[in-house]
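Data file: structure_23.cif. Format and content: mmCIF, C-alpha atoms and all ligand atoms.
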```cif
data_protein
#
loop_
_atom_site.label_atom_id
_atom_site.label_comp_id
_atom_site.auth_asym_id
_atom_site.auth_seq_id
_atom_site.Cartn_x
_atom_site.Cartn_y
_atom_site.Cartn_z
CA MET A 1 -14.86 -16.98 -5.89
CA GLN A 2 -12.83 -19.67 -4.19
CA GLY A 3 -10.97 -18.83 -0.99
CA LEU A 4 -7.22 -18.27 -1.00
CA ASP A 5 -5.09 -21.06 0.50
CA PRO A 6 -4.18 -19.62 3.93
CA THR A 7 -0.99 -21.72 4.06
CA LYS A 8 0.29 -19.93 0.95
CA LEU A 9 -0.59 -16.39 1.95
CA PRO A 10 2.17 -13.87 2.53
CA ARG A 11 2.25 -12.48 6.03
CA HIS A 12 3.41 -9.07 4.87
CA VAL A 13 2.60 -7.46 1.52
CA ALA A 14 4.26 -4.19 0.52
CA ILE A 15 2.86 -2.21 -2.38
CA ILE A 16 4.47 0.41 -4.62
CA MET A 17 1.38 2.31 -5.74
CA ASP A 18 2.50 3.65 -9.10
CA GLY A 19 0.79 4.98 -12.22
CA ASN A 20 -1.57 7.70 -10.96
CA GLY A 21 -0.13 10.26 -13.38
CA ARG A 22 -0.45 7.99 -16.40
CA TRP A 23 -3.99 7.03 -15.41
CA ALA A 24 -4.96 10.72 -15.38
CA ARG A 25 -3.13 11.51 -18.60
CA ALA A 26 -4.94 8.70 -20.42
CA ARG A 27 -8.18 10.45 -19.51
CA GLY A 28 -7.04 13.95 -20.34
CA LEU A 29 -7.17 14.86 -16.64
CA PRO A 30 -4.65 16.65 -14.42
CA ARG A 31 -2.25 14.43 -12.44
CA THR A 32 -4.07 15.36 -9.24
CA ALA A 33 -7.16 13.55 -10.49
CA GLY A 34 -5.04 10.41 -10.70
CA HIS A 35 -3.80 10.86 -7.15
CA LYS A 36 -7.35 11.39 -5.96
CA ALA A 37 -8.52 8.20 -7.67
CA GLY A 38 -5.46 6.49 -6.15
CA VAL A 39 -6.57 7.36 -2.63
CA GLU A 40 -9.94 5.69 -3.27
CA ARG A 41 -8.03 2.54 -4.25
CA VAL A 42 -6.10 2.63 -0.99
CA ARG A 43 -9.35 2.41 0.90
CA ASP A 44 -10.58 -0.61 -1.10
CA VAL A 45 -7.28 -2.43 -1.12
CA VAL A 46 -6.79 -2.04 2.65
CA ARG A 47 -10.28 -3.46 3.15
CA ALA A 48 -9.62 -6.38 0.78
CA ALA A 49 -6.27 -7.10 2.43
CA ARG A 50 -8.06 -7.39 5.75
CA GLU A 51 -10.65 -9.74 4.30
CA PHE A 52 -7.94 -11.90 2.75
CA GLY A 53 -6.32 -12.17 6.17
CA LEU A 54 -3.06 -10.33 5.52
CA GLU A 55 -1.35 -9.46 8.77
CA TYR A 56 0.84 -6.61 7.50
CA VAL A 57 0.37 -4.26 4.57
CA THR A 58 2.84 -1.51 3.75
CA LEU A 59 1.95 1.19 1.24
CA TYR A 60 4.51 3.42 -0.46
CA ALA A 61 2.72 6.75 -0.37
CA PHE A 62 5.46 9.35 -0.87
CA SER A 63 9.15 8.81 -1.42
CA SER A 64 12.04 10.95 -0.26
CA GLU A 65 12.67 11.56 -3.98
CA ASN A 66 9.09 12.70 -4.70
CA TRP A 67 9.94 16.16 -3.33
CA SER A 68 11.51 16.81 -6.72
CA ARG A 69 8.06 16.95 -8.35
CA PRO A 70 6.41 20.29 -9.17
CA LYS A 71 5.45 22.25 -6.06
CA GLU A 72 1.71 22.08 -6.84
CA GLU A 73 1.79 18.31 -7.20
CA VAL A 74 3.65 17.92 -3.91
CA SER A 75 1.12 20.08 -2.11
CA ASP A 76 -1.77 18.14 -3.68
CA LEU A 77 -0.23 14.91 -2.43
CA MET A 78 0.14 16.37 1.07
CA ARG A 79 -3.47 17.54 1.01
CA LEU A 80 -4.66 14.09 -0.04
CA LEU A 81 -2.66 12.38 2.69
CA LYS A 82 -4.24 14.65 5.29
CA LEU A 83 -7.67 14.00 3.84
CA PHE A 84 -7.11 10.24 3.92
CA ILE A 85 -6.07 10.22 7.56
CA ARG A 86 -8.83 12.58 8.66
CA ARG A 87 -11.48 10.61 6.78
CA ASP A 88 -10.31 7.06 7.44
CA LEU A 89 -8.65 7.05 10.83
CA ASP A 90 -11.91 6.49 12.75
CA GLU A 91 -12.92 3.57 10.57
CA LEU A 92 -9.47 1.96 10.62
CA HIS A 93 -9.32 2.37 14.39
CA SER A 94 -12.78 0.85 14.85
CA GLU A 95 -11.63 -2.11 12.79
CA ASN A 96 -8.73 -2.66 15.17
CA VAL A 97 -6.09 -1.72 12.55
CA ARG A 98 -2.73 -0.64 13.92
CA ILE A 99 -1.14 2.13 11.87
CA ARG A 100 2.58 2.81 11.70
CA VAL A 101 4.35 5.38 9.60
CA ILE A 102 7.82 4.73 8.24
CA GLY A 103 10.07 7.37 6.74
CA CYS A 104 11.70 10.53 8.00
CA ARG A 105 9.24 12.45 10.15
CA GLU A 106 11.51 15.34 11.14
CA THR A 107 11.49 17.13 7.81
CA VAL A 108 7.74 17.06 7.10
CA GLN A 109 5.46 19.99 7.81
CA SER A 110 4.18 20.15 11.36
CA ASP A 111 0.44 19.64 10.67
CA ILE A 112 1.20 16.45 8.76
CA ARG A 113 3.58 15.26 11.44
CA ALA A 114 0.87 15.82 14.05
CA LEU A 115 -1.63 13.79 12.03
CA LEU A 116 0.81 10.94 11.49
CA ASP A 117 1.65 10.93 15.21
CA GLU A 118 -2.06 10.91 16.04
CA ALA A 119 -2.75 7.97 13.68
CA GLU A 120 0.01 5.95 15.34
CA GLU A 121 -0.89 6.99 18.86
CA ARG A 122 -4.61 6.28 18.58
CA THR A 123 -4.11 2.84 17.07
CA ARG A 124 -1.06 1.83 19.11
CA ARG A 125 -2.92 -0.71 21.21
CA ASN A 126 -4.90 -2.23 18.35
CA THR A 127 -4.29 -5.91 17.84
CA GLY A 128 -5.76 -6.39 14.36
CA PRO A 129 -4.07 -6.03 10.97
CA ASN A 130 -1.06 -3.75 10.68
CA LEU A 131 -0.98 -0.94 8.15
CA GLN A 132 2.35 0.75 7.49
CA ILE A 133 2.36 3.98 5.54
CA ALA A 134 5.71 4.80 3.93
CA PHE A 135 5.72 8.56 3.82
CA ASN A 136 8.76 10.70 3.07
CA TYR A 137 10.38 7.30 2.91
CA GLY A 138 13.57 6.30 1.16
CA ALA A 139 15.36 3.07 2.01
CA ARG A 140 18.81 4.63 1.75
CA ASP A 141 17.77 7.48 4.03
CA GLU A 142 16.35 4.92 6.49
CA ILE A 143 19.60 2.94 6.47
CA VAL A 144 21.65 6.11 6.94
CA ARG A 145 19.52 7.15 9.93
CA ALA A 146 19.88 3.64 11.40
CA ALA A 147 23.65 3.73 10.89
CA GLN A 148 23.84 7.11 12.63
CA LYS A 149 21.89 5.81 15.64
CA ILE A 150 24.20 2.82 15.95
CA ALA A 151 27.36 4.84 15.37
CA LYS A 152 26.31 7.14 18.20
CA GLU A 153 25.89 4.22 20.58
CA VAL A 154 29.28 2.85 19.61
CA ALA A 155 30.94 6.27 19.94
CA GLU A 156 29.43 6.71 23.41
CA GLY A 157 30.72 3.29 24.44
CA ARG A 158 27.24 1.83 24.91
CA LEU A 159 27.66 -0.73 22.11
CA SER A 160 30.69 -2.68 21.01
CA PRO A 161 31.42 -2.81 17.24
CA ASP A 162 31.06 -6.62 17.41
CA ALA A 163 27.49 -6.19 18.61
CA VAL A 164 26.51 -4.51 15.33
CA THR A 165 24.65 -7.52 13.97
CA GLU A 166 21.83 -7.89 11.44
CA GLU A 167 19.40 -7.92 14.37
CA ARG A 168 20.84 -4.69 15.77
CA ILE A 169 20.57 -2.99 12.37
CA GLU A 170 16.99 -4.24 11.94
CA ALA A 171 16.11 -2.84 15.33
CA ALA A 172 17.38 0.58 14.27
CA LEU A 173 15.34 0.70 11.06
CA ASP A 174 11.91 2.37 10.89
CA THR A 175 10.41 -1.12 10.48
CA ALA A 176 11.76 -2.40 13.82
CA GLY A 177 9.51 -5.21 15.05
CA ILE A 178 7.72 -5.60 11.71
CA PRO A 179 8.45 -8.82 9.80
CA ASP A 180 10.12 -8.47 6.40
CA PRO A 181 7.75 -8.24 3.42
CA ASP A 182 7.17 -11.61 1.78
CA LEU A 183 5.70 -10.02 -1.31
CA VAL A 184 6.31 -6.65 -2.96
CA ILE A 185 3.77 -5.64 -5.59
CA ARG A 186 4.39 -2.75 -7.99
CA THR A 187 1.68 -1.46 -10.27
CA SER A 188 2.05 0.48 -13.54
CA GLY A 189 4.39 -1.92 -15.33
CA GLU A 190 7.63 -0.37 -14.02
CA GLN A 191 10.00 -3.02 -12.79
CA ARG A 192 12.11 -1.37 -10.13
CA LEU A 193 12.08 -0.78 -6.38
CA SER A 194 12.60 3.00 -6.44
CA ASN A 195 14.33 3.04 -3.06
CA PHE A 196 11.63 1.02 -1.26
CA LEU A 197 12.50 -1.35 1.61
CA LEU A 198 15.93 -2.24 0.20
CA TRP A 199 17.08 -4.00 3.37
CA GLN A 200 13.77 -5.62 4.25
CA ALA A 201 12.93 -6.91 0.75
CA ALA A 202 16.16 -8.94 0.48
CA TYR A 203 14.17 -12.15 0.00
CA ALA A 204 10.77 -10.80 -0.97
CA GLU A 205 8.97 -12.17 -3.99
CA LEU A 206 8.40 -9.40 -6.53
CA VAL A 207 5.22 -9.14 -8.57
CA PHE A 208 5.00 -6.41 -11.20
CA VAL A 209 1.55 -5.81 -12.60
CA PRO A 210 0.81 -3.72 -15.70
CA CYS A 211 -2.32 -2.11 -14.28
CA LEU A 212 -2.11 1.51 -13.11
CA TRP A 213 -2.68 2.07 -9.40
CA PRO A 214 -6.15 3.71 -9.74
CA ASP A 215 -7.29 0.53 -11.56
CA PHE A 216 -5.85 -1.86 -8.96
CA ASP A 217 -8.66 -3.59 -7.12
CA ARG A 218 -9.51 -6.58 -5.00
CA ALA A 219 -9.34 -9.00 -7.95
CA GLN A 220 -5.89 -7.70 -8.90
CA LEU A 221 -4.71 -8.11 -5.32
CA ARG A 222 -6.07 -11.64 -5.24
CA ALA A 223 -4.28 -12.47 -8.51
CA ALA A 224 -0.98 -11.19 -7.07
CA LEU A 225 -1.51 -13.30 -3.93
CA GLU A 226 -2.19 -16.33 -6.09
CA GLU A 227 0.97 -15.67 -8.07
CA TYR A 228 2.86 -15.50 -4.77
CA GLY A 229 1.32 -18.84 -3.78
CA ARG A 230 2.84 -20.44 -6.88
CA ARG A 231 6.38 -19.21 -6.12
CA ASP A 232 9.04 -21.47 -4.68
CA ARG A 233 10.88 -19.53 -1.98
CA ARG A 234 14.32 -20.94 -1.32
CA PHE A 235 16.27 -18.41 0.77
CA GLY A 236 19.50 -19.69 -0.72
CA ALA A 237 18.82 -23.34 0.07
CA VAL A 238 17.77 -26.08 -2.35
CA SER A 239 14.12 -26.60 -3.29
CA PRO A 240 12.19 -29.09 -1.23
CA PRO A 241 11.84 -32.46 -3.04
CA GLY A 242 9.06 -32.43 -5.57
CA LEU A 243 9.26 -28.70 -6.13
CA ALA A 244 12.61 -28.55 -7.89
CA VAL A 245 12.44 -27.95 -11.61
CA GLY A 246 13.16 -31.23 -13.42
CA SER A 247 12.87 -33.41 -10.31
C1 LIG B 301 2.24 7.13 -7.91
O1 LIG B 301 1.85 7.58 -9.17
C2 LIG B 301 2.00 8.16 -6.82
C3 LIG B 301 3.22 8.70 -6.22
C4 LIG B 301 4.44 8.44 -6.60
C5 LIG B 301 3.04 9.61 -5.11
P1 LIG B 301 2.76 8.52 -10.05
O2 LIG B 301 2.43 9.94 -9.73
O3 LIG B 301 4.21 8.17 -9.91
O4 LIG B 301 2.24 8.16 -11.49
P2 LIG B 301 3.09 8.03 -12.82
O5 LIG B 301 4.21 7.06 -12.54
O6 LIG B 301 3.59 9.38 -13.17
O7 LIG B 301 2.11 7.49 -13.83
C1 LIG B 302 7.66 5.26 -6.36
O1 LIG B 302 7.07 5.75 -7.51
C2 LIG B 302 7.21 6.04 -5.16
C3 LIG B 302 5.81 5.83 -4.76
C4 LIG B 302 4.98 5.00 -5.28
C5 LIG B 302 5.40 6.62 -3.62
P1 LIG B 302 7.76 6.83 -8.43
O2 LIG B 302 6.83 7.10 -9.55
O3 LIG B 302 8.20 7.99 -7.63
O4 LIG B 302 9.08 6.05 -8.92
P2 LIG B 302 9.99 6.29 -10.20
O5 LIG B 302 10.35 7.73 -10.22
O6 LIG B 302 9.18 5.90 -11.40
O7 LIG B 302 11.15 5.37 -10.01
MG MG B 303 5.45 6.93 -10.92
#
```

Please express what this file holds, its structure, as structure tokens.
Amino acid sequence: MQGLDPTKLPRHVAIIMDGNGRWARARGLPRTAGHKAGVERVRDVVRAAREFGLEYVTLYAFSSENWSRPKEEVSDLMRLLKLFIRRDLDELHSENVRIRVIGCRETVQSDIRALLDEAEERTRRNTGPNLQIAFNYGARDEIVRAAQKIAKEVAEGRLSPDAVTEERIEAALDTAGIPDPDLVIRTSGEQRLSNFLLWQAAYAELVFVPCLWPDFDRAQLRAALEEYGRRDRRFGAVSPPGLAVGS
């Protein structure tokens, strides 16, 4: 296989891992089996992302809306998250991966919170690829929490209303210090963001792939990166000469 053009690689890829339930249903299996197969994919895709030279990968693991699923499914998902961190933290750490968790930490059960804190703490000084796990994450909730932080500073007289800039808001989000995603991939054929990185994905390229998450592999990731490489990002300006349609 030919190498990917490093000048056309996204710096940050965010993935909405969707379709575990449908994958299981197609096989006559319980939804949990789909989630379990999904975790195996996480391992492979994180490895492939590293090999492709991606600097930042963010994975949507559990949304603030996913609590509305049946209790047994929620607890299976929690169990799998714990299993993933316990099983993979050593390897990720030894590969110099820095892990960050985005989402609301306060409302999750204490053993999970401890594991998430441990994953961040142990890998804090790593200088290799960055893996963000979006857990109990909802973009609106994140923006509300950021607005509350800023409002508090203004109310206490530590910040003037004029100093509430885009940069100040970015710094109050869970993703502070992490560059915006260049590419958002969603599996399973659904074409929506489902409350994922609404602020940060303002100019992201979106790639929707029909394959269900437990079938998403290295070749699928490569194809999405190639698709990204063919996009013409404009950020509101005009296309560079030669790239404009009809020029
Ligand atoms: C994604 O797969 C996993 C999570 C949302 C946690 P789904 O469980 O949403 O699978 P479908 O969409 O029902 O097929
Ligand atoms: C989005 O998938 C959340 C995650 C992948 C964690 P959902 O399956 O929850 O999204 P909807 O309900 O189809 O929008
Ligand atoms: Mg889904």

Counting all atoms listed in the file, which of A:Glu51, A:Glu72, A:Glu65, A:Glu106 gets nearest to Tyr137 of chain A? A:Glu65

Contacts to ligand LIG 302 (chain B) at 7 Å cut-off (all atoms listed in the file) as a PyMOL selection string: chain A and resi 16-19+60-63+65-66+190+192+194

Once you count all atoms listed in the file, which residues end up within 10 Å of ligand LIG 301 (chain B), and could you hand them over as number ranges by chain? A: 16-26, 31-32, 34-36, 38-39, 60-63, 65-67, 69, 73-74, 76-78, 135, 187-190, 194, 212-214

For Ala201 of chain A, the nearest of the candidates A:Arg86, A:His12, A:Arg158, A:Arg79, counting only C-alpha atoms: A:His12

Distance atom CA of Pro6 of chain A-atom CA of Ala237 of chain A, one decimal place?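 It comes out at 23.6 Å.
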
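Nearest-residue note for Pro181 of chain A: choosing from A:Arg47, A:Lys152, A:Gln200, A:Arg124, the minimum distance belongs to A:Gln200, counting all atoms listed in the file.
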
Which of these, A:Leu116, A:Val238, A:Ala33, A:Leu183, has the shortest distance to Leu9 of chain A once you count all atoms listed in the file?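 Closest to Leu9 of chain A, using all atoms listed in the file: A:Leu183.
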
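With distances restricted to all atoms listed in the file, A:Arg11 is the closest residue to Tyr228 of chain A from A:Arg98, A:Arg27, A:Arg11, A:Arg105.
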
Between atom CA of Gly229 of chain A and atom CA of Ala139 of chain A, what distance in Å does the model show, to one decimal?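 These atoms are spaced 26.7 Å apart.
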
Using all atoms listed in the file, which protein or nucleic acid residues come within 7 Å of Val57 of chain A? Drop anything in the same chain fewer than 5 positions from it, and give the result as a ChimeraX atom specification. /A:12-14,130-132

One decimal place gives the atom CA of Ala223 of chain A-atom CA of Asp44 of chain A separation as 15.3 Å

Pull the neighbourhood of (-0.9, -20.3, 3.3) for me: all residues within 12 Å in file coordinates, counting only C-alpha atoms, as a ChimeraX atom specification. /A:3-11,52-54,182,225-226,228-231

Filtering to N, CA, C and O atoms, could segment 32-54 of chain A of the supplied structure be written out as a PDB file, in the first residue's frame?
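Dumped to out_16.pdb:
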```
ATOM      1  N   THR A  32     -24.777  -5.909  23.515  1.00  0.00           N
ATOM      2  CA  THR A  32     -23.486  -5.932  24.215  1.00  0.00           C
ATOM      3  C   THR A  32     -22.392  -6.529  23.355  1.00  0.00           C
ATOM      4  O   THR A  32     -21.239  -6.084  23.407  1.00  0.00           O
ATOM      5  N   ALA A  33     -22.749  -7.562  22.589  1.00  0.00           N
ATOM      6  CA  ALA A  33     -21.740  -8.205  21.739  1.00  0.00           C
ATOM      7  C   ALA A  33     -21.193  -7.193  20.733  1.00  0.00           C
ATOM      8  O   ALA A  33     -20.001  -7.192  20.409  1.00  0.00           O
ATOM      9  N   GLY A  34     -22.065  -6.310  20.273  1.00  0.00           N
ATOM     10  CA  GLY A  34     -21.626  -5.255  19.352  1.00  0.00           C
ATOM     11  C   GLY A  34     -20.684  -4.284  20.048  1.00  0.00           C
ATOM     12  O   GLY A  34     -19.672  -3.862  19.482  1.00  0.00           O
ATOM     13  N   HIS A  35     -20.999  -3.929  21.285  1.00  0.00           N
ATOM     14  CA  HIS A  35     -20.131  -3.004  22.017  1.00  0.00           C
ATOM     15  C   HIS A  35     -18.768  -3.643  22.278  1.00  0.00           C
ATOM     16  O   HIS A  35     -17.726  -2.992  22.208  1.00  0.00           O
ATOM     17  N   LYS A  36     -18.799  -4.938  22.568  1.00  0.00           N
ATOM     18  CA  LYS A  36     -17.551  -5.649  22.834  1.00  0.00           C
ATOM     19  C   LYS A  36     -16.668  -5.655  21.571  1.00  0.00           C
ATOM     20  O   LYS A  36     -15.474  -5.360  21.630  1.00  0.00           O
ATOM     21  N   ALA A  37     -17.301  -5.972  20.438  1.00  0.00           N
ATOM     22  CA  ALA A  37     -16.555  -5.967  19.170  1.00  0.00           C
ATOM     23  C   ALA A  37     -16.060  -4.552  18.875  1.00  0.00           C
ATOM     24  O   ALA A  37     -14.973  -4.360  18.317  1.00  0.00           O
ATOM     25  N   GLY A  38     -16.854  -3.550  19.276  1.00  0.00           N
ATOM     26  CA  GLY A  38     -16.472  -2.153  19.058  1.00  0.00           C
ATOM     27  C   GLY A  38     -15.197  -1.786  19.803  1.00  0.00           C
ATOM     28  O   GLY A  38     -14.351  -1.058  19.289  1.00  0.00           O
ATOM     29  N   VAL A  39     -15.052  -2.310  21.014  1.00  0.00           N
ATOM     30  CA  VAL A  39     -13.855  -2.004  21.804  1.00  0.00           C
ATOM     31  C   VAL A  39     -12.606  -2.556  21.110  1.00  0.00           C
ATOM     32  O   VAL A  39     -11.558  -1.912  21.078  1.00  0.00           O
ATOM     33  N   GLU A  40     -12.733  -3.743  20.520  1.00  0.00           N
ATOM     34  CA  GLU A  40     -11.591  -4.324  19.789  1.00  0.00           C
ATOM     35  C   GLU A  40     -11.171  -3.392  18.650  1.00  0.00           C
ATOM     36  O   GLU A  40      -9.991  -3.223  18.369  1.00  0.00           O
ATOM     37  N   ARG A  41     -12.162  -2.782  18.006  1.00  0.00           N
ATOM     38  CA  ARG A  41     -11.880  -1.845  16.908  1.00  0.00           C
ATOM     39  C   ARG A  41     -11.121  -0.624  17.414  1.00  0.00           C
ATOM     40  O   ARG A  41     -10.266  -0.077  16.734  1.00  0.00           O
ATOM     41  N   VAL A  42     -11.478  -0.178  18.598  1.00  0.00           N
ATOM     42  CA  VAL A  42     -10.813   1.001  19.169  1.00  0.00           C
ATOM     43  C   VAL A  42      -9.317   0.735  19.230  1.00  0.00           C
ATOM     44  O   VAL A  42      -8.498   1.545  18.794  1.00  0.00           O
ATOM     45  N   ARG A  43      -8.993  -0.437  19.714  1.00  0.00           N
ATOM     46  CA  ARG A  43      -7.583  -0.806  19.858  1.00  0.00           C
ATOM     47  C   ARG A  43      -6.871  -0.723  18.500  1.00  0.00           C
ATOM     48  O   ARG A  43      -5.837  -0.086  18.365  1.00  0.00           O
ATOM     49  N   ASP A  44      -7.449  -1.348  17.482  1.00  0.00           N
ATOM     50  CA  ASP A  44      -6.823  -1.366  16.148  1.00  0.00           C
ATOM     51  C   ASP A  44      -6.738   0.014  15.528  1.00  0.00           C
ATOM     52  O   ASP A  44      -5.746   0.377  14.915  1.00  0.00           O
ATOM     53  N   VAL A  45      -7.828   0.770  15.679  1.00  0.00           N
ATOM     54  CA  VAL A  45      -7.870   2.079  15.026  1.00  0.00           C
ATOM     55  C   VAL A  45      -6.877   3.044  15.691  1.00  0.00           C
ATOM     56  O   VAL A  45      -6.213   3.823  15.015  1.00  0.00           O
ATOM     57  N   VAL A  46      -6.743   2.959  17.010  1.00  0.00           N
ATOM     58  CA  VAL A  46      -5.780   3.823  17.698  1.00  0.00           C
ATOM     59  C   VAL A  46      -4.359   3.478  17.220  1.00  0.00           C
ATOM     60  O   VAL A  46      -3.545   4.358  16.943  1.00  0.00           O
ATOM     61  N   ARG A  47      -4.104   2.208  17.055  1.00  0.00           N
ATOM     62  CA  ARG A  47      -2.790   1.769  16.572  1.00  0.00           C
ATOM     63  C   ARG A  47      -2.551   2.288  15.143  1.00  0.00           C
ATOM     64  O   ARG A  47      -1.493   2.832  14.843  1.00  0.00           O
ATOM     65  N   ALA A  48      -3.551   2.125  14.286  1.00  0.00           N
ATOM     66  CA  ALA A  48      -3.414   2.566  12.889  1.00  0.00           C
ATOM     67  C   ALA A  48      -3.222   4.085  12.826  1.00  0.00           C
ATOM     68  O   ALA A  48      -2.397   4.581  12.054  1.00  0.00           O
ATOM     69  N   ALA A  49      -3.963   4.806  13.657  1.00  0.00           N
ATOM     70  CA  ALA A  49      -3.860   6.269  13.655  1.00  0.00           C
ATOM     71  C   ALA A  49      -2.433   6.687  13.986  1.00  0.00           C
ATOM     72  O   ALA A  49      -1.871   7.607  13.399  1.00  0.00           O
ATOM     73  N   ARG A  50      -1.838   5.957  14.910  1.00  0.00           N
ATOM     74  CA  ARG A  50      -0.459   6.252  15.313  1.00  0.00           C
ATOM     75  C   ARG A  50       0.481   5.986  14.145  1.00  0.00           C
ATOM     76  O   ARG A  50       1.351   6.787  13.837  1.00  0.00           O
ATOM     77  N   GLU A  51       0.267   4.864  13.483  1.00  0.00           N
ATOM     78  CA  GLU A  51       1.130   4.527  12.335  1.00  0.00           C
ATOM     79  C   GLU A  51       0.976   5.532  11.199  1.00  0.00           C
ATOM     80  O   GLU A  51       1.939   5.841  10.513  1.00  0.00           O
ATOM     81  N   PHE A  52      -0.233   6.031  11.012  1.00  0.00           N
ATOM     82  CA  PHE A  52      -0.462   7.016   9.946  1.00  0.00           C
ATOM     83  C   PHE A  52       0.084   8.393  10.326  1.00  0.00           C
ATOM     84  O   PHE A  52       0.103   9.302   9.510  1.00  0.00           O
ATOM     85  N   GLY A  53       0.460   8.562  11.572  1.00  0.00           N
ATOM     86  CA  GLY A  53       1.065   9.826  11.997  1.00  0.00           C
ATOM     87  C   GLY A  53       0.070  10.894  12.415  1.00  0.00           C
ATOM     88  O   GLY A  53       0.364  12.082  12.344  1.00  0.00           O
ATOM     89  N   LEU A  54      -1.122  10.464  12.867  1.00  0.00           N
ATOM     90  CA  LEU A  54      -2.092  11.460  13.341  1.00  0.00           C
ATOM     91  C   LEU A  54      -1.666  11.948  14.723  1.00  0.00           C
ATOM     92  O   LEU A  54      -1.329  11.155  15.593  1.00  0.00           O
TER      93      LEU A  54
END
```
